[in-house]
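Remarks on the structure that follows.
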Amino acid sequence: DAMVIQNPRYQVTQFGKPVTLSCSQTLNHNVMYWYQQKSSQAPKLLFHYYDKDFNNEADTPDNFQSRRPNTSFCFLDIRSPGLGDAAMYLCATSRRGGGDNEQFFGPGTRLTVL
Amino acid sequence: GENVEQHPSTLSVQEGDSAVIKCTYSDSASNYFPWYKQELGKRPQLIIDIRSNVGEKKDQRIAVTLNKTAKHFSLHITETQPEDSAVYFCAATIPSGNTPLVFGKGTRLSVIA
């Protein structure tokens, strides 16, 4: 009964080689979020979608892009991964917009950049 | 924008003792304060939250208190157990529009049996 699914769980890429991480949800939630979490740090919001409305955080590098083709799926594209992009990437959903809705996190994708 | 400070960064307690984690926030308009627990290698999960119209909320062994005047809120865990060992994140937000959660940097709690 997984609610927020992320694939792959572990991704290894080479410096500069594009990579796509995927997230799907069975909750039919309107909002989907992508966070970057480095070791011993808080999750850092990269961007989120409210339905099809894309909201980018001001400090998210241009190297990071996202797509949400439908309600269930959301993708994180890293166009040219650098060593500093190695991290855990967490997808989350919430039923409505506004931060006061519980966020349901996926298990994360751990990205390694060689 | 909102800024959330969380202390301590690490906390060790003996099993059965209480643990307290404190957070402060900067934006007086914030009125929703959740706490997330992240066990090693697992996803963050909401454990308790509080809104500004109440000063305290309790759920079994965990409780959260809020002081809006001082702009701080705290997580209290009583009768700690080894399974409480995890990283705990506080967060704050203004629940309107697309305002996202702002997380604290986390507290690594270790409960020693």
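As shown in the structure tokens, the chain order sets the letters A, B, ...; within each chain, residues go from 1, and ligands are also counted from 1 in the order they appear.
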Quiz prompt | Every residue of range 40-105 of chain A that DSSP places in strand (DSSP E or B), as a VMD selection string | solution = chain A and resid 44 to 50 53 to 56 64 to 67 73 to 78 87 to 94 104 to 105
Quiz item: Near range 14-17 of chain B, within 10 Å and counting only C-alpha atoms, which residues show up once chain neighbours fewer than 6 positions away are dropped, as an MDAnalysis selection string?
Solution: chainID B and resid 77:84 110:113
Exercise. Write out as a list of chain:residue names every residue belonging to chain A that has an atom at most 9 Å from any atom of chain B, counting only C-alpha atoms.
Key: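 Listing them in order of chain and number gives A:Ser40, A:Gln41, A:Ala42, A:Pro43, A:Lys44, A:Leu45, A:His48, A:Tyr50, A:Asn55, A:Leu90, A:Gly97, A:Gly98, A:Gly99, A:Asp100, A:Asn101, A:Glu102, A:Gln103, A:Phe104, A:Phe105, A:Gly106, A:Pro107, A:Gly108.
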Quiz item: Skipping near chain neighbours, those fewer than 6 positions away, what residues fall within 9 Å of range 60-73 of chain A using only C-alpha atoms, listed as a ChimeraX atom specification?
Solution: /A:22-32,34,45-49,51-52,54,79-81
Quiz prompt | Who sits within 6 Å of range 7-20 of chain A, only C-alpha atoms, same chain under 2 positions skipped, as a list in words | solution =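 Answer for this query is Ser22, Leu76, Asp77, Ile78, Arg79, Ser80, Pro81, Gly82, Thr109, Arg110, Leu111, Thr112, Val113 and Leu114 of chain A.
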Store the residues picked out above, limited to N, CA, C and O atoms, as a short mmCIF file (atom, residue, chain, number, x, y, z; two decimals), in the first residue's frame.
```cif
data_model
loop_
_atom_site.label_atom_id
_atom_site.label_comp_id
_atom_site.auth_asym_id
_atom_site.auth_seq_id
_atom_site.Cartn_x
_atom_site.Cartn_y
_atom_site.Cartn_z
N SER A 22 12.30 9.71 -10.55
CA SER A 22 10.86 9.71 -10.70
C SER A 22 10.15 9.51 -9.38
O SER A 22 10.68 8.92 -8.44
N LEU A 76 12.18 14.66 -11.52
CA LEU A 76 13.26 15.60 -11.25
C LEU A 76 14.37 15.31 -12.25
O LEU A 76 14.90 14.20 -12.30
N ASP A 77 14.70 16.31 -13.05
CA ASP A 77 15.78 16.18 -14.02
C ASP A 77 16.96 17.01 -13.55
O ASP A 77 16.82 18.21 -13.30
N ILE A 78 18.11 16.38 -13.49
CA ILE A 78 19.35 17.10 -13.18
C ILE A 78 20.17 17.08 -14.46
O ILE A 78 20.63 16.02 -14.91
N ARG A 79 20.30 18.24 -15.06
CA ARG A 79 20.83 18.30 -16.43
C ARG A 79 22.31 17.99 -16.51
O ARG A 79 22.77 17.32 -17.43
N SER A 80 23.07 18.48 -15.55
CA SER A 80 24.52 18.26 -15.56
C SER A 80 24.98 18.11 -14.11
O SER A 80 25.44 19.07 -13.49
N PRO A 81 24.82 16.90 -13.57
CA PRO A 81 25.12 16.71 -12.14
C PRO A 81 26.57 17.01 -11.81
O PRO A 81 27.49 16.60 -12.53
N GLY A 82 26.74 17.74 -10.73
CA GLY A 82 28.08 17.96 -10.19
C GLY A 82 28.24 17.17 -8.91
O GLY A 82 27.29 16.60 -8.38
N THR A 109 15.47 8.86 -3.18
CA THR A 109 16.46 8.32 -4.10
C THR A 109 17.82 8.87 -3.69
O THR A 109 18.00 10.09 -3.63
N ARG A 110 18.74 7.97 -3.41
CA ARG A 110 20.09 8.43 -3.05
C ARG A 110 20.92 8.53 -4.32
O ARG A 110 21.14 7.52 -5.00
N LEU A 111 21.35 9.73 -4.63
CA LEU A 111 22.12 9.98 -5.85
C LEU A 111 23.60 10.07 -5.53
O LEU A 111 24.01 10.84 -4.65
N THR A 112 24.38 9.29 -6.25
CA THR A 112 25.83 9.34 -6.16
C THR A 112 26.37 9.86 -7.48
O THR A 112 25.93 9.42 -8.55
N VAL A 113 27.28 10.82 -7.42
CA VAL A 113 27.90 11.38 -8.63
C VAL A 113 29.38 11.05 -8.61
O VAL A 113 30.10 11.42 -7.68
N LEU A 114 29.80 10.32 -9.64
CA LEU A 114 31.21 9.90 -9.71
C LEU A 114 32.04 10.86 -10.54
O LEU A 114 31.53 11.47 -11.49
#
```
